[in-house]
Amino acid sequence: MRASDLRQALEQHRLWSLSGGQDGRQFVGENVDFGDVDLSAVDLAGAELPGASFRSGSLRGADLSNGNFASAQFVGTDLTGATLVKTDLDYAMFDSVKLIRANLRRASLIQASLVKADLDGADLRGADFEGADLTDAYLGGCLLDGTIFIATKLLKAKLHGAIGAETARVTSIDIGRLVLGDAASQWLRSESI
């Protein structure tokens, strides 16, 4: 996407978002390549951008709430302080990203890949990580109340200081071996201490 087209699309989306859909135009596109553009603090709330690529870019403080970013590529992207509340992130790639203090409350990350992701202090309350891969991810200080872990890969994940593990919905996790039911919940609680 050319820089001038991107600026225009972002401005139209900002107007659309601010006016509750009365003015401007919702940012809609499939497989849009944003490359390594700095989109810090951009408003993409409600955008429909499945398959978008933000590889190695910056979305620090950006608002992607209530959007559709399923199968998007965020590899190496900085999403520090970003808001992704109720966002569809199913099958998205977040390998080696910074999601430090990001708000992913009630986000759907089914089958997403977050290998080596840094989620230090992130709000993950009610987020759905069913089938997600959090291998070697850092989740220290995260809020986990009501977070869903079903068939979630947590091999070498660091959870020290995570809050709310006792209320997370855990049925099965992979930590190099499959752990089910109460044993999975107990492991999650013990790792967050």
# chains A, B, ... in the order shown; residues from 1 in each chain; ligands from 1
$ residues_around --residues "stretch 16-33 of chain A" --least-positions-apart "4" --cutoff "12 Å" --atoms "only C-alpha atoms" --output "MDAnalysis selection string"
chainID A and resid 1:3 5:12 37 42:57 63:74
$ residues_around --residues "A:Val170" --least-positions-apart "6" --cutoff "6 Å" --atoms "only C-alpha atoms" --output "number ranges by chain"
A: 149-150, 185
$ write_last_selection --atoms "N, CA and C atoms" --output "PDB file, in the first residue's frame"
ATOM      1  N   PHE A 149      -7.414 -21.419  28.548  1.00  0.00           N
ATOM      2  CA  PHE A 149      -6.284 -22.211  28.078  1.00  0.00           C
ATOM      3  C   PHE A 149      -6.795 -23.620  27.806  1.00  0.00           C
ATOM      4  N   ILE A 150      -7.112 -23.906  26.563  1.00  0.00           N
ATOM      5  CA  ILE A 150      -7.544 -25.239  26.151  1.00  0.00           C
ATOM      6  C   ILE A 150      -6.579 -25.699  25.067  1.00  0.00           C
ATOM      7  N   SER A 185      -4.545 -26.882  35.869  1.00  0.00           N
ATOM      8  CA  SER A 185      -4.851 -25.682  36.653  1.00  0.00           C
ATOM      9  C   SER A 185      -3.837 -25.490  37.770  1.00  0.00           C
TER      10      SER A 185
END
$ residues_around --residues "stretch 126-132 of chain A" --least-positions-apart "3" --cutoff "7 Å" --atoms "only C-alpha atoms" --output "list in words"
Leu104, Arg105, Arg106, Ala107, Ser108, Leu109, Ile110, Gln111, Ala112, Ser113, Asp145, Gly146, Thr147, Ile148, Phe149, Ile150, Ala151, Thr152 and Lys153 of chain A
$ residues_around --residues "stretch 135-139 of chain A" --least-positions-apart "6" --cutoff "8 Å" --atoms "only C-alpha atoms" --output "list in words"
Leu114, Val115, Lys116, Ala117, Asp118, Leu119, Asp120, Gly121, Ala122, Lys153, Leu154, Leu155, Lys156, Ala157, Lys158, Leu159, His160 and Ala162 of chain A
$ write_last_selection --atoms "N, CA and C atoms" --output "PDB file, in the first residue's frame"
ATOM      1  N   LEU A 114       2.329 -17.197  19.530  1.00  0.00           N
ATOM      2  CA  LEU A 114       2.960 -16.144  20.317  1.00  0.00           C
ATOM      3  C   LEU A 114       4.301 -16.639  20.850  1.00  0.00           C
ATOM      4  N   VAL A 115       5.043 -17.352  20.024  1.00  0.00           N
ATOM      5  CA  VAL A 115       6.336 -17.898  20.419  1.00  0.00           C
ATOM      6  C   VAL A 115       7.289 -16.742  20.733  1.00  0.00           C
ATOM      7  N   LYS A 116       7.905 -16.795  21.910  1.00  0.00           N
ATOM      8  CA  LYS A 116       8.848 -15.777  22.383  1.00  0.00           C
ATOM      9  C   LYS A 116       8.234 -14.374  22.470  1.00  0.00           C
ATOM     10  N   ALA A 117       6.921 -14.295  22.631  1.00  0.00           N
ATOM     11  CA  ALA A 117       6.260 -12.997  22.787  1.00  0.00           C
ATOM     12  C   ALA A 117       6.478 -12.479  24.199  1.00  0.00           C
ATOM     13  N   ASP A 118       6.617 -11.167  24.338  1.00  0.00           N
ATOM     14  CA  ASP A 118       6.775 -10.532  25.647  1.00  0.00           C
ATOM     15  C   ASP A 118       5.449  -9.866  26.011  1.00  0.00           C
ATOM     16  N   LEU A 119       4.718 -10.497  26.945  1.00  0.00           N
ATOM     17  CA  LEU A 119       3.423 -10.002  27.393  1.00  0.00           C
ATOM     18  C   LEU A 119       3.510  -9.474  28.826  1.00  0.00           C
ATOM     19  N   ASP A 120       4.643  -8.932  29.198  1.00  0.00           N
ATOM     20  CA  ASP A 120       4.875  -8.433  30.553  1.00  0.00           C
ATOM     21  C   ASP A 120       3.777  -7.446  30.950  1.00  0.00           C
ATOM     22  N   GLY A 121       3.026  -7.790  32.017  1.00  0.00           N
ATOM     23  CA  GLY A 121       2.000  -6.900  32.535  1.00  0.00           C
ATOM     24  C   GLY A 121       0.775  -6.740  31.661  1.00  0.00           C
ATOM     25  N   ALA A 122       0.590  -7.585  30.667  1.00  0.00           N
ATOM     26  CA  ALA A 122      -0.566  -7.474  29.767  1.00  0.00           C
ATOM     27  C   ALA A 122      -1.857  -7.881  30.478  1.00  0.00           C
ATOM     28  N   LYS A 153      -0.223 -24.478  24.191  1.00  0.00           N
ATOM     29  CA  LYS A 153       1.177 -24.856  24.353  1.00  0.00           C
ATOM     30  C   LYS A 153       1.875 -23.788  25.192  1.00  0.00           C
ATOM     31  N   LEU A 154       2.388 -24.194  26.374  1.00  0.00           N
ATOM     32  CA  LEU A 154       3.065 -23.287  27.293  1.00  0.00           C
ATOM     33  C   LEU A 154       4.473 -23.765  27.626  1.00  0.00           C
ATOM     34  N   LEU A 155       5.093 -24.490  26.712  1.00  0.00           N
ATOM     35  CA  LEU A 155       6.435 -25.015  26.916  1.00  0.00           C
ATOM     36  C   LEU A 155       7.423 -23.865  27.155  1.00  0.00           C
ATOM     37  N   LYS A 156       8.117 -23.881  28.278  1.00  0.00           N
ATOM     38  CA  LYS A 156       9.101 -22.868  28.670  1.00  0.00           C
ATOM     39  C   LYS A 156       8.512 -21.464  28.838  1.00  0.00           C
ATOM     40  N   ALA A 157       7.193 -21.348  28.941  1.00  0.00           N
ATOM     41  CA  ALA A 157       6.574 -20.036  29.184  1.00  0.00           C
ATOM     42  C   ALA A 157       6.889 -19.601  30.607  1.00  0.00           C
ATOM     43  N   LYS A 158       7.114 -18.315  30.785  1.00  0.00           N
ATOM     44  CA  LYS A 158       7.421 -17.767  32.102  1.00  0.00           C
ATOM     45  C   LYS A 158       6.202 -17.009  32.603  1.00  0.00           C
ATOM     46  N   LEU A 159       5.654 -17.466  33.749  1.00  0.00           N
ATOM     47  CA  LEU A 159       4.425 -16.897  34.288  1.00  0.00           C
ATOM     48  C   LEU A 159       4.616 -16.261  35.662  1.00  0.00           C
ATOM     49  N   HIS A 160       5.847 -16.108  36.106  1.00  0.00           N
ATOM     50  CA  HIS A 160       6.111 -15.595  37.446  1.00  0.00           C
ATOM     51  C   HIS A 160       5.424 -14.236  37.653  1.00  0.00           C
ATOM     52  N   ALA A 162       2.195 -13.671  37.525  1.00  0.00           N
ATOM     53  CA  ALA A 162       0.891 -13.549  36.867  1.00  0.00           C
ATOM     54  C   ALA A 162      -0.199 -13.534  37.938  1.00  0.00           C
TER      55      ALA A 162
END
$ atom_distance --atom1 "atom CA of A:Ala82" --atom2 "atom CA of A:Asp95"
16.2 Å
$ atom_distance --atom1 "atom CA of A:Ser4" --atom2 "atom CA of A:Ala62"
19.7 Å
$ atom_distance --atom1 "atom CA of A:Thr77" --atom2 "atom CA of A:Leu124"
18.5 Å
$ residues_around --residues "A:Ala102" --least-positions-apart "2" --cutoff "7 Å" --atoms "only C-alpha atoms" --output "PyMOL selection string"
chain A and resi 79-83+99-100+104+122-123
$ select_by_dssp --residues "stretch 124-175 of chain A" --states "strand (DSSP E or B)" --output "VMD selection string"
chain A and resid 128 133 138 143 148 to 153 158 163 169 to 174
$ closest_residue --among "A:Val97, A:Ala165, A:Leu59, A:Ile173" --to "A:Ser190" --atoms "only C-alpha atoms"
A:Ala165
$ select_by_dssp --residues "stretch 9-192 of chain A" --states "alpha helix (DSSP H)" --output "list of chain:residue names"
A:Ala9, A:Leu10, A:Glu11, A:Gln12, A:His13, A:Arg14, A:Leu15, A:Trp16, A:Ser17, A:Leu18, A:Gly181, A:Asp182, A:Ala183, A:Ala184, A:Ser185, A:Gln186, A:Trp187, A:Leu188, A:Arg189, A:Ser190, A:Glu191
$ write_last_selection --atoms "C-alpha atoms" --output "mmCIF file, in the first residue's frame"
data_model
loop_
_atom_site.group_PDB
_atom_site.id
_atom_site.type_symbol
_atom_site.label_atom_id
_atom_site.label_comp_id
_atom_site.auth_asym_id
_atom_site.auth_seq_id
_atom_site.Cartn_x
_atom_site.Cartn_y
_atom_site.Cartn_z
ATOM 1 C CA ALA A 9 -7.348 5.217 4.521
ATOM 2 C CA LEU A 10 -6.241 5.855 8.119
ATOM 3 C CA GLU A 11 -7.791 9.335 8.137
ATOM 4 C CA GLN A 12 -11.062 8.012 6.694
ATOM 5 C CA HIS A 13 -11.104 5.254 9.309
ATOM 6 C CA ARG A 14 -10.398 7.747 12.107
ATOM 7 C CA LEU A 15 -13.390 9.829 10.981
ATOM 8 C CA TRP A 16 -15.516 6.677 10.720
ATOM 9 C CA SER A 17 -14.506 5.610 14.230
ATOM 10 C CA LEU A 18 -15.046 9.041 15.819
ATOM 11 C CA GLY A 181 -7.839 -30.915 34.107
ATOM 12 C CA ASP A 182 -7.015 -30.113 37.727
ATOM 13 C CA ALA A 183 -3.324 -30.922 37.215
ATOM 14 C CA ALA A 184 -3.162 -28.295 34.445
ATOM 15 C CA SER A 185 -4.851 -25.682 36.653
ATOM 16 C CA GLN A 186 -2.526 -26.538 39.519
ATOM 17 C CA TRP A 187 0.563 -26.230 37.268
ATOM 18 C CA LEU A 188 -0.582 -22.801 36.025
ATOM 19 C CA ARG A 189 -1.155 -21.560 39.584
ATOM 20 C CA SER A 190 2.221 -22.872 40.782
ATOM 21 C CA GLU A 191 4.090 -21.251 37.872
#
